[in-house]
>>> print(open('upload_3.cif').read())   # mmCIF, C-alpha atoms
data_start
loop_
_atom_site.label_atom_id
_atom_site.label_comp_id
_atom_site.auth_asym_id
_atom_site.auth_seq_id
_atom_site.Cartn_x
_atom_site.Cartn_y
_atom_site.Cartn_z
CA MET A 1 15.99 6.46 -4.52
CA THR A 2 16.99 5.11 -7.92
CA SER A 3 19.26 2.16 -8.62
CA THR A 4 19.69 -0.07 -11.66
CA THR A 5 21.22 -2.98 -9.78
CA PRO A 6 19.02 -6.02 -10.43
CA HIS A 7 17.49 -7.54 -7.32
CA VAL A 8 15.65 -10.81 -7.89
CA THR A 9 14.35 -12.04 -4.55
CA THR A 10 13.03 -15.53 -3.98
CA VAL A 11 12.46 -15.39 -0.21
CA ARG A 12 13.50 -12.95 2.46
CA PHE A 13 12.26 -13.17 6.03
CA LEU A 14 11.31 -9.95 7.71
CA ASP A 15 12.01 -9.68 11.40
CA PRO A 16 10.74 -11.76 13.15
CA ASN A 17 11.25 -14.91 11.08
CA PRO A 18 7.85 -16.64 11.14
CA THR A 19 9.35 -20.14 10.97
CA ALA A 20 12.22 -19.60 13.42
CA GLY A 21 12.57 -22.67 15.61
CA ILE A 22 9.79 -24.65 13.94
CA SER A 23 10.84 -25.22 10.33
CA GLY A 24 13.16 -27.69 8.67
CA PRO A 25 12.86 -31.39 7.87
CA ALA A 26 10.25 -33.27 9.84
CA SER A 27 12.99 -35.02 11.81
CA GLU A 28 14.41 -31.65 12.90
CA GLY A 29 11.46 -29.28 13.18
CA LEU A 30 8.51 -29.32 15.53
CA PHE A 31 5.88 -29.41 12.77
CA PRO A 32 5.62 -30.98 9.29
CA LEU A 33 5.47 -27.59 7.56
CA SER A 34 4.86 -27.27 3.84
CA SER A 35 7.50 -25.80 1.58
CA ARG A 36 5.16 -22.83 1.17
CA ALA A 37 5.65 -21.93 4.83
CA ASP A 38 9.25 -21.02 4.09
CA GLY A 39 7.96 -18.40 1.66
CA LEU A 40 5.82 -16.59 4.22
CA VAL A 41 7.20 -13.25 5.33
CA GLY A 42 5.79 -11.07 8.05
CA SER A 43 4.91 -7.41 7.65
CA VAL A 44 6.97 -4.86 9.54
CA ILE A 45 4.25 -2.36 8.66
CA ASP A 46 1.43 -4.37 10.22
CA SER A 47 3.59 -5.54 13.12
CA SER A 48 4.23 -1.92 14.04
CA THR A 49 0.62 -1.72 15.30
CA SER A 50 1.32 -4.32 17.99
CA LEU A 51 4.76 -2.89 18.70
CA LEU A 52 3.40 0.59 19.32
CA ALA A 53 0.52 -0.73 21.41
CA ALA A 54 3.09 -2.31 23.73
CA GLN A 55 4.88 1.00 24.38
CA THR A 56 4.10 2.74 27.66
CA HIS A 57 5.44 6.20 26.72
CA ASP A 58 3.99 8.77 24.34
CA ILE A 59 4.66 8.02 20.67
CA VAL A 60 4.07 10.28 17.69
CA ARG A 61 2.97 7.75 15.11
CA PHE A 62 4.26 8.30 11.58
CA ALA A 63 4.45 4.53 10.97
CA MET A 64 1.07 3.03 9.99
CA GLY A 65 -0.60 4.33 6.84
CA ALA A 66 -3.97 4.86 8.49
CA PRO A 67 -6.53 7.64 8.11
CA ALA A 68 -6.60 10.17 10.91
CA ALA A 69 -9.02 8.93 13.57
CA GLU A 70 -10.79 12.29 13.66
CA VAL A 71 -11.70 12.18 9.94
CA ILE A 72 -13.35 8.75 10.06
CA PRO A 73 -17.15 9.30 10.03
CA THR A 74 -17.63 7.25 13.18
CA GLU A 75 -20.86 8.86 14.33
CA GLU A 76 -22.47 8.44 10.92
CA PHE A 77 -21.43 4.77 10.87
CA ARG A 78 -22.85 4.28 14.34
CA GLN A 79 -26.17 5.87 13.38
CA ILE A 80 -26.39 3.96 10.10
CA ALA A 81 -25.66 0.67 11.84
CA GLY A 82 -28.63 1.21 14.13
CA GLU A 83 -30.88 1.89 11.17
CA VAL A 84 -29.87 -0.48 8.38
CA LEU A 85 -28.52 -3.60 10.03
CA THR A 86 -31.11 -6.37 10.01
CA ASP A 87 -31.14 -10.16 10.30
CA ALA A 88 -29.96 -10.21 6.67
CA SER A 89 -26.79 -8.40 7.74
CA PHE A 90 -25.70 -11.23 10.00
CA THR A 91 -25.96 -14.24 7.74
CA TYR A 92 -23.83 -15.34 4.80
CA GLY A 93 -23.71 -13.04 1.82
CA ALA A 94 -22.94 -13.61 -1.83
CA THR A 95 -19.25 -14.34 -2.34
CA GLU A 96 -19.01 -11.73 -5.08
CA GLY A 97 -20.47 -9.10 -2.75
CA GLU A 98 -23.76 -7.55 -1.74
CA PRO A 99 -25.68 -6.56 -4.91
CA ASP A 100 -26.38 -3.00 -3.78
CA LEU A 101 -22.73 -2.35 -3.01
CA ILE A 102 -21.66 -3.79 -6.36
CA THR A 103 -24.07 -1.36 -8.04
CA THR A 104 -22.67 1.54 -5.99
CA VAL A 105 -19.07 0.66 -6.83
CA THR A 106 -19.95 0.24 -10.50
CA GLU A 107 -21.70 3.60 -10.73
CA GLN A 108 -19.54 5.77 -8.46
CA PHE A 109 -16.06 4.28 -8.14
CA SER A 110 -15.23 3.03 -11.62
CA SER A 111 -13.85 5.27 -14.35
CA GLY A 112 -15.86 4.99 -17.56
CA SER A 113 -18.71 2.55 -18.06
CA THR A 114 -18.22 -0.60 -16.04
CA ASP A 115 -19.98 -3.93 -16.27
CA PRO A 116 -21.07 -5.06 -12.76
CA GLU A 117 -19.68 -8.46 -13.72
CA ARG A 118 -16.21 -6.90 -13.45
CA ILE A 119 -16.66 -6.19 -9.73
CA VAL A 120 -15.96 -8.58 -6.86
CA ILE A 121 -16.14 -7.25 -3.30
CA THR A 122 -13.18 -8.30 -1.15
CA SER A 123 -12.09 -8.32 2.46
CA GLY A 124 -9.95 -5.22 2.07
CA GLY A 125 -7.39 -4.51 -0.60
CA MET A 126 -5.04 -7.22 0.66
CA GLN A 127 -7.47 -9.96 -0.33
CA GLY A 128 -7.55 -8.52 -3.83
CA LEU A 129 -3.75 -8.76 -4.02
CA ASP A 130 -3.81 -12.31 -2.68
CA LEU A 131 -6.39 -13.39 -5.26
CA ALA A 132 -4.34 -11.83 -8.05
CA PHE A 133 -1.21 -13.74 -7.12
CA LYS A 134 -3.22 -16.91 -6.50
CA LEU A 135 -4.66 -16.75 -10.02
CA PHE A 136 -1.62 -15.65 -12.00
CA THR A 137 1.56 -16.77 -10.21
CA ASP A 138 3.21 -20.18 -10.14
CA PRO A 139 6.32 -21.01 -8.10
CA GLY A 140 9.37 -19.64 -9.87
CA ASP A 141 7.48 -17.07 -11.93
CA LEU A 142 9.03 -13.63 -12.24
CA VAL A 143 7.00 -10.81 -10.63
CA VAL A 144 8.06 -7.18 -11.06
CA VAL A 145 7.64 -4.83 -8.10
CA GLU A 146 8.58 -1.21 -7.53
CA SER A 147 11.55 -0.48 -5.31
CA PRO A 148 10.77 0.66 -2.70
CA THR A 149 7.36 -0.98 -2.53
CA TYR A 150 4.48 -1.97 -0.29
CA THR A 151 6.01 -5.17 1.02
CA ASN A 152 2.67 -6.68 2.01
CA GLY A 153 2.14 -6.94 -1.73
CA SER A 154 5.57 -8.29 -2.61
CA GLY A 155 5.34 -10.60 0.41
CA THR A 156 2.17 -12.08 -1.02
CA ALA A 157 3.99 -12.77 -4.29
CA LEU A 158 6.76 -14.50 -2.34
CA SER A 159 4.20 -16.60 -0.46
CA TYR A 160 3.12 -18.09 -3.80
CA GLY A 161 6.72 -18.92 -4.67
CA ALA A 162 7.39 -16.05 -7.07
CA ASP A 163 10.80 -14.61 -7.80
CA VAL A 164 10.55 -10.86 -7.22
CA LEU A 165 12.40 -8.40 -9.45
CA GLU A 166 12.79 -4.95 -7.89
CA VAL A 167 12.66 -2.01 -10.31
CA PRO A 168 13.70 1.46 -9.09
CA VAL A 169 11.28 4.34 -8.60
CA ASP A 170 12.03 7.99 -9.33
CA ASP A 171 9.91 11.14 -9.17
CA ASN A 172 7.75 9.84 -12.06
CA GLY A 173 7.10 6.41 -10.60
CA MET A 174 8.51 3.10 -11.78
CA ASP A 175 11.51 3.64 -14.09
CA ILE A 176 10.35 1.90 -17.28
CA ASP A 177 13.78 2.14 -18.93
CA ALA A 178 15.24 0.31 -15.96
CA LEU A 179 12.37 -2.20 -16.08
CA GLU A 180 13.20 -3.14 -19.67
CA THR A 181 16.91 -3.39 -18.89
CA LEU A 182 16.49 -5.48 -15.76
CA VAL A 183 13.99 -7.85 -17.35
CA ALA A 184 16.35 -8.36 -20.30
CA GLU A 185 19.19 -9.13 -17.88
CA THR A 186 17.15 -11.89 -16.25
CA GLY A 187 16.55 -13.57 -19.59
CA ARG A 188 12.94 -14.12 -18.53
CA THR A 189 9.64 -12.34 -19.00
CA PRO A 190 7.50 -11.42 -15.99
CA ARG A 191 4.16 -13.02 -15.29
CA MET A 192 2.94 -9.99 -13.36
CA ILE A 193 3.87 -6.33 -12.85
CA TYR A 194 2.80 -4.99 -9.45
CA THR A 195 2.43 -1.22 -9.32
CA ILE A 196 0.90 1.39 -7.03
CA PRO A 197 0.46 4.11 -9.66
CA ASN A 198 -0.95 7.00 -7.60
CA PHE A 199 0.90 8.47 -4.58
CA GLN A 200 2.84 5.26 -4.27
CA ASN A 201 3.35 3.51 -0.96
CA PRO A 202 5.97 4.28 0.31
CA SER A 203 7.47 6.95 -1.96
CA GLY A 204 4.40 9.11 -2.58
CA THR A 205 5.31 9.41 -6.28
CA THR A 206 2.86 9.08 -9.18
CA LEU A 207 3.45 7.06 -12.34
CA SER A 208 3.40 9.45 -15.31
CA GLU A 209 0.94 9.00 -18.18
CA ASP A 210 3.74 8.24 -20.64
CA ARG A 211 5.07 5.50 -18.36
CA ARG A 212 1.59 4.04 -17.90
CA ARG A 213 1.23 3.75 -21.65
CA ARG A 214 4.67 2.14 -21.98
CA LEU A 215 3.85 -0.27 -19.17
CA LEU A 216 0.64 -1.31 -20.92
CA ASN A 217 2.59 -1.94 -24.13
CA LEU A 218 5.19 -4.03 -22.30
CA ALA A 219 2.47 -6.04 -20.54
CA HIS A 220 1.00 -6.99 -23.91
CA GLN A 221 4.44 -7.68 -25.34
CA TRP A 222 5.28 -10.01 -22.45
CA GLY A 223 1.79 -11.42 -21.81
CA ALA A 224 2.02 -10.13 -18.23
CA MET A 225 -0.78 -8.97 -15.93
CA ILE A 226 -0.60 -5.44 -14.53
CA LEU A 227 -1.65 -5.57 -10.90
CA ASP A 228 -2.99 -2.03 -10.46
CA ASP A 229 -3.14 -1.38 -6.70
CA ASP A 230 -4.61 2.08 -6.09
CA PRO A 231 -5.74 2.78 -2.50
CA TYR A 232 -4.86 6.49 -2.69
CA GLY A 233 -5.94 7.77 -6.12
CA ALA A 234 -9.04 9.55 -4.77
CA LEU A 235 -6.89 11.52 -2.31
CA ARG A 236 -5.28 13.95 -4.77
CA PHE A 237 -5.02 17.39 -3.16
CA SER A 238 -2.84 19.19 -5.72
CA GLY A 239 -1.65 18.86 -9.31
CA ASP A 240 -3.45 17.49 -12.33
CA PRO A 241 -4.98 14.00 -12.38
CA VAL A 242 -3.27 11.33 -14.48
CA PRO A 243 -5.43 8.95 -16.56
CA GLY A 244 -5.67 5.49 -15.06
CA PHE A 245 -4.85 2.26 -16.88
CA ARG A 246 -8.52 1.62 -17.58
CA GLU A 247 -8.98 5.12 -19.00
CA ILE A 248 -5.97 4.67 -21.28
CA SER A 249 -6.94 1.12 -22.31
CA PRO A 250 -10.62 0.50 -21.46
CA ASP A 251 -11.52 -3.02 -20.35
CA ASP A 252 -7.97 -4.22 -21.00
CA PRO A 253 -7.89 -7.93 -20.03
CA LEU A 254 -4.32 -7.60 -18.74
CA VAL A 255 -5.22 -4.94 -16.14
CA PHE A 256 -6.31 -6.31 -12.76
CA SER A 257 -7.36 -3.43 -10.49
CA VAL A 258 -7.51 -3.63 -6.69
CA ARG A 259 -9.25 -0.94 -4.64
CA THR A 260 -10.22 -0.45 -0.99
CA PHE A 261 -12.37 1.68 1.28
CA SER A 262 -9.66 1.52 3.96
CA LYS A 263 -7.96 4.82 3.10
CA ILE A 264 -11.07 6.81 2.16
CA LEU A 265 -13.49 5.60 4.86
CA ALA A 266 -12.04 3.32 7.55
CA PRO A 267 -9.51 0.45 7.52
CA GLY A 268 -11.33 -1.53 10.22
CA LEU A 269 -14.29 -2.11 7.89
CA ARG A 270 -12.08 -4.41 5.79
CA VAL A 271 -13.98 -3.91 2.55
CA GLY A 272 -12.48 -3.42 -0.90
CA TRP A 273 -13.10 -4.56 -4.44
CA ILE A 274 -11.57 -5.97 -7.60
CA ASN A 275 -12.24 -4.61 -11.07
CA ALA A 276 -11.18 -7.25 -13.60
CA ASP A 277 -12.18 -8.89 -16.85
CA PRO A 278 -15.62 -10.54 -16.38
CA ARG A 279 -14.21 -13.83 -17.70
CA LEU A 280 -12.19 -14.06 -14.48
CA ARG A 281 -15.19 -13.69 -12.20
CA ASN A 282 -15.96 -17.35 -11.62
CA LEU A 283 -12.29 -18.02 -10.85
CA LEU A 284 -12.22 -15.10 -8.43
CA ILE A 285 -15.36 -16.35 -6.69
CA ALA A 286 -13.91 -19.85 -6.41
CA GLY A 287 -10.64 -18.50 -5.05
CA LYS A 288 -12.42 -16.27 -2.55
CA GLN A 289 -14.70 -19.06 -1.37
CA ALA A 290 -11.58 -20.91 -0.26
CA MET A 291 -10.66 -17.88 1.87
CA ASP A 292 -13.66 -16.36 3.61
CA THR A 293 -16.92 -17.31 1.82
CA CYS A 294 -17.92 -13.63 1.71
CA ALA A 295 -16.66 -10.22 2.80
CA ASN A 296 -18.01 -8.69 6.01
CA VAL A 297 -21.74 -8.31 5.33
CA PRO A 298 -22.62 -5.71 8.03
CA ALA A 299 -19.71 -3.55 6.87
CA GLN A 300 -20.88 -3.78 3.26
CA HIS A 301 -24.38 -2.66 4.30
CA ILE A 302 -23.00 0.27 6.34
CA ILE A 303 -20.72 1.47 3.53
CA ASN A 304 -23.45 1.28 0.92
CA ALA A 305 -25.93 3.16 3.11
CA TYR A 306 -23.36 5.83 3.94
CA ILE A 307 -22.61 6.46 0.26
CA ALA A 308 -26.30 6.31 -0.73
CA ARG A 309 -27.12 9.11 1.73
CA GLY A 310 -24.98 11.49 -0.31
CA GLY A 311 -22.32 12.54 2.19
CA TYR A 312 -19.38 10.80 0.55
CA GLY A 313 -18.47 13.66 -1.80
CA GLU A 314 -18.26 16.16 1.05
CA HIS A 315 -16.31 13.64 3.13
CA LEU A 316 -13.77 13.12 0.34
CA ALA A 317 -13.37 16.88 -0.19
CA GLY A 318 -12.71 17.24 3.52
CA LEU A 319 -10.06 14.52 3.43
CA ARG A 320 -8.25 16.22 0.57
CA THR A 321 -8.23 19.57 2.33
CA GLU A 322 -7.08 18.12 5.64
CA TYR A 323 -4.37 15.89 4.20
CA LYS A 324 -2.98 18.77 2.16
CA ARG A 325 -2.77 20.80 5.37
CA ARG A 326 -1.04 17.96 7.17
CA LYS A 327 1.39 17.29 4.35
CA GLU A 328 2.38 20.96 4.24
CA ALA A 329 2.78 20.96 8.02
CA MET A 330 5.13 17.98 7.80
CA ASP A 331 7.13 19.66 5.04
CA ALA A 332 7.52 22.75 7.23
CA SER A 333 8.52 20.74 10.31
CA ILE A 334 11.08 18.75 8.33
CA ALA A 335 12.56 22.00 7.02
CA ARG A 336 12.78 23.43 10.54
CA HIS A 337 14.26 20.43 12.30
CA LEU A 338 16.12 18.41 9.67
CA GLY A 339 16.81 20.92 6.90
CA ASP A 340 19.35 19.75 4.35
CA ARG A 341 20.12 16.63 6.38
CA VAL A 342 17.37 14.89 4.38
CA ARG A 343 15.76 14.88 0.95
CA THR A 344 12.04 14.15 0.68
CA THR A 345 9.57 13.39 -2.08
CA ASP A 346 6.79 15.87 -2.81
CA PRO A 347 3.51 13.96 -3.32
CA ASP A 348 0.34 15.54 -4.71
CA GLY A 349 -1.87 13.31 -2.58
CA GLY A 350 -2.06 10.15 -0.55
CA PHE A 351 -0.46 9.52 2.84
CA PHE A 352 3.33 9.29 2.59
CA LEU A 353 6.66 11.08 2.30
CA TRP A 354 9.83 9.17 1.48
CA VAL A 355 12.81 10.58 3.35
CA THR A 356 16.42 9.92 2.34
CA LEU A 357 19.30 10.85 4.64
CA GLN A 358 21.96 13.08 3.08
CA GLY A 359 25.67 13.72 3.54
CA ASP A 360 27.28 12.23 6.64
CA ASP A 361 23.84 11.37 8.01
CA ALA A 362 23.48 8.82 5.21
CA ARG A 363 25.89 6.62 7.18
CA VAL A 364 23.15 6.18 9.80
CA SER A 365 21.12 2.99 9.44
CA SER A 366 17.41 3.75 9.39
CA SER A 367 16.83 0.44 11.17
CA ARG A 368 18.99 1.63 14.06
CA LEU A 369 17.47 5.10 13.83
CA PHE A 370 14.04 3.50 14.27
CA GLU A 371 15.12 1.93 17.57
CA ILE A 372 16.48 5.22 18.88
CA ALA A 373 13.50 7.19 17.61
CA LEU A 374 11.06 4.83 19.31
CA ALA A 375 12.80 5.45 22.61
CA GLU A 376 12.59 9.20 21.90
CA GLY A 377 8.86 8.92 21.25
CA VAL A 378 8.40 8.86 17.48
CA ALA A 379 7.83 5.96 15.07
CA PHE A 380 8.28 5.51 11.31
CA ILE A 381 8.91 2.61 8.91
CA PRO A 382 12.61 2.06 8.10
CA GLY A 383 13.60 1.70 4.46
CA PRO A 384 14.67 -1.98 4.48
CA ALA A 385 11.13 -2.97 5.55
CA LEU A 386 9.94 -1.57 2.21
CA SER A 387 12.22 -3.60 -0.03
CA PRO A 388 12.10 -7.40 -0.41
CA SER A 389 15.91 -7.48 -0.56
CA GLY A 390 16.39 -5.07 2.34
CA GLN A 391 17.62 -2.02 0.43
CA PHE A 392 17.28 1.62 1.55
CA GLU A 393 19.12 1.62 4.86
CA ASP A 394 19.55 5.36 4.32
CA ALA A 395 15.81 6.05 3.96
CA PHE A 396 12.46 5.75 5.72
CA ARG A 397 8.73 6.37 5.27
CA LEU A 398 6.69 8.97 7.14
CA CYS A 399 2.89 9.06 7.14
CA PHE A 400 1.63 12.65 7.27
CA ALA A 401 -2.08 11.78 7.20
CA SER A 402 -2.57 10.41 10.69
CA SER A 403 -1.10 13.23 12.83
CA THR A 404 -2.24 16.79 13.46
CA PRO A 405 0.23 19.57 12.59
CA GLU A 406 0.91 20.03 16.31
CA ARG A 407 1.77 16.37 16.79
CA THR A 408 3.80 16.38 13.60
CA GLU A 409 5.89 19.27 14.92
CA GLU A 410 6.56 17.38 18.16
CA GLY A 411 7.38 14.22 16.22
CA LEU A 412 9.94 15.93 14.00
CA GLN A 413 11.63 17.48 17.02
CA ARG A 414 11.94 14.00 18.51
CA LEU A 415 13.17 12.56 15.22
CA ALA A 416 15.87 15.23 14.96
CA ARG A 417 17.05 14.33 18.48
CA ALA A 418 17.12 10.66 17.52
CA LEU A 419 19.17 11.40 14.41
CA ASP A 420 21.68 13.37 16.49
CA ILE A 421 22.05 10.37 18.84
CA ALA A 422 22.43 7.98 15.90
CA ARG A 423 25.09 10.21 14.32
CA LYS A 424 27.09 10.21 17.53
CA GLU A 425 27.03 6.40 17.52
CA VAL A 426 28.26 6.29 13.93
CA ASP A 427 30.94 8.88 14.59
CA GLY A 428 32.18 6.79 17.49
#
>>> encode(input="upload_3.cif", output="structure tokens")
Amino acid sequence: MTSTTPHVTTVRFLDPNPTAGISGPASEGLFPLSSRADGLVGSVIDSSTSLLAAQTHDIVRFAMGAPAAEVIPTEEFRQIAGEVLTDASFTYGATEGEPDLITTVTEQFSSGSTDPERIVITSGGMQGLDLAFKLFTDPGDLVVVESPTYTNGSGTALSYGADVLEVPVDDNGMDIDALETLVAETGRTPRMIYTIPNFQNPSGTTLSEDRRRRLLNLAHQWGAMILDDDPYGALRFSGDPVPGFREISPDDPLVFSVRTFSKILAPGLRVGWINADPRLRNLLIAGKQAMDTCANVPAQHIINAYIARGGYGEHLAGLRTEYKRRKEAMDASIARHLGDRVRTTDPDGGFFLWVTLQGDDARVSSSRLFEIALAEGVAFIPGPALSPSGQFEDAFRLCFASSTPERTEEGLQRLARALDIARKEVDG
């Protein structure tokens, strides 16, 4: 998983190319597109939802990082909606978020004492990432990302014209030695460092406390923002917790934290929040007003009522227990059906395993393996979709959270068959 080869990416189109057939000079293209349009990249991760919906045969779905349908408190949401939604739920809300939900987030989801002025409610975690890059990134700025990474995040940086520097990840998260080396080789200092510190997407690794402290020091040395994207931190099911950036350096102005309810309640609610220096609040509100005026008001009311009723703690404990069971089931199925043909990470929480092909199987392209596996009835995210420069052809991401152990067993059997077919192609 590690590499010290510098990869500075300006723009890379994921498949499909969003501007194919329509871009270029006005005399050549169909539309007078802005230069920014050439920086827009699609998401293989998000596109997999539509791709899988179009399939007519049974698919074991290890691709999307979504909570298991059976652990979403659907009935509670349905009941709460009938009780708490009023006329006030269906008009415009405050851009910064519904006051009651801000209070709830401040009191229950923020480590240490938190000023409510630090909190802005967003339309999911992705809007938080977009606002961060909108505020802190100019075209040509250097943005550090982990490699592999959540390419919806790096893609947002590219959409604002950033140059993306990929820094390798090992079992302790982003390699800070490599970060210093690679930044020095560019002769530039980064404007932003994008990290997913807990149970990273896609590797499942956690950034160690020592590396968090070093990263904070480098951010202050360089004058760079740390974009702290943590959708999974609450989902630790083993091991000891690691202090967060705000616990290590309380109220640090260079830490911009993005959170979401998508992984702990339901992604369709599209509600998250930002925790940032209060001096940024007016800028965040102005930036958000140019996007959506306010986050989904009925969803904010439902979430707040659900948490206020006191069931969230039990819900979270249930998630941790179930996801531990599912992760262990995937480990066992991988051992049975793939054995030493692969090497996997060993996360203490979250949703994902990172799988790297070994030996002669490493000659198989995970992009081609994906095509074969889909035909065999199992889906995952190939490695190149998780690197702005298209690295990791010998690797792929599996989500263990969304499938029962029985479905996971079936999926790994299908994946082993697909790998055998892919090997035969490579062997000629």
>>> closest_residue(input="upload_3.cif", among="A:Ile226, A:Leu85, A:Val105, A:Ile302", to="Phe133 (chain A)", atoms="all atoms listed in the file")
A:Ile226
>>> atom_distance(input="upload_3.cif", atom1="CA of Leu135 (chain A)", atom2="CA of Leu283 (chain A)")
7.8 Å
>>> resolve_selection(input="upload_3.cif", expression="the PyMOL selection byres ((chain A and resi 128) around 8)", output="ChimeraX atom specification")
/A:122-127,129-132,258-259,272-274
>>> write_last_selection(input="upload_3.cif", atoms="C-alpha atoms", output="CSV table (one decimal), keeping the file's coordinate frame")
chain,number,residue,atom,x,y,z
A,122,THR,CA,-13.2,-8.3,-1.2
A,123,SER,CA,-12.1,-8.3,2.5
A,124,GLY,CA,-10.0,-5.2,2.1
A,125,GLY,CA,-7.4,-4.5,-0.6
A,126,MET,CA,-5.0,-7.2,0.7
A,127,GLN,CA,-7.5,-10.0,-0.3
A,129,LEU,CA,-3.8,-8.8,-4.0
A,130,ASP,CA,-3.8,-12.3,-2.7
A,131,LEU,CA,-6.4,-13.4,-5.3
A,132,ALA,CA,-4.3,-11.8,-8.0
A,258,VAL,CA,-7.5,-3.6,-6.7
A,259,ARG,CA,-9.2,-0.9,-4.6
A,272,GLY,CA,-12.5,-3.4,-0.9
A,273,TRP,CA,-13.1,-4.6,-4.4
A,274,ILE,CA,-11.6,-6.0,-7.6
>>> resolve_selection(input="upload_3.cif", expression="the PyMOL selection byres ((chain A and resi 377) around 8)", output="count of residues only")
12
>>> resolve_selection(input="upload_3.cif", expression="the PyMOL selection byres ((chain A and resi 61) around 12)", output="PyMOL selection string")
chain A and resi 48-49+51-53+55+57-60+62-68+370+373-374+376-381+397-404+407-412+414-415
>>> residues_around(input="upload_3.cif", residues="region 201-211 of chain A", least_positions_apart="6", cutoff="10 Å", atoms="all atoms listed in the file", output="PyMOL selection string")
chain A and resi 1+65+146-151+169-177+195+217+229-233+241-245+248+344-355+381+383+386+396-399
>>> residues_around(input="upload_3.cif", residues="Gly313 (chain A)", least_positions_apart="6", cutoff="12 Å", atoms="all atoms listed in the file", output="MDAnalysis selection string")
chainID A and resid 108:109 234:235 264:265 306:307 319:320
>>> atom_distance(input="upload_3.cif", atom1="CA of Met291 (chain A)", atom2="CA of Phe136 (chain A)")
16.7 Å
>>> residues_around(input="upload_3.cif", residues="Met225 (chain A)", least_positions_apart="6", cutoff="9 Å", atoms="only C-alpha atoms", output="ChimeraX atom specification")
/A:136,190-194,219,253-256
>>> atom_distance(input="upload_3.cif", atom1="CA of Leu158 (chain A)", atom2="CA of Asn282 (chain A)")
24.7 Å
>>> closest_residue(input="upload_3.cif", among="A:Ile334, A:Leu284, A:Ala422, A:Ala162", to="Glu96 (chain A)", atoms="all atoms listed in the file")
A:Leu284
>>> residues_around(input="upload_3.cif", residues="Pro384 (chain A)", least_positions_apart="2", cutoff="9 Å", atoms="all atoms listed in the file", output="list in words")
Pro148, Ser366, Ser367, Ile381, Pro382, Leu386, Ser387, Pro388, Ser389, Gly390, Gln391, Phe392, Glu393, Asp394, Ala395 and Phe396 of chain A
>>> closest_residue(input="upload_3.cif", among="A:Cys294, A:Leu142, A:Val41, A:Ala385", to="Val164 (chain A)", atoms="all atoms listed in the file")
A:Leu142
>>> axis_aligned_box(input="upload_3.cif", around="region 286-291 of chain A", padding_each_side="4 Å", output="JSON")
{"center_x": -12.7, "center_y": -18.6, "center_z": -2.3, "size_x": 12.1, "size_y": 12.6, "size_z": 16.3}
>>> closest_residue(input="upload_3.cif", among="A:Thr74, A:Asp360, A:Ala335, A:Arg236", to="Gly318 (chain A)", atoms="all atoms listed in the file")
A:Arg236
>>> closest_residue(input="upload_3.cif", among="A:Glu185, A:Asp292, A:Glu98, A:Glu180", to="Leu215 (chain A)", atoms="only C-alpha atoms")
A:Glu180
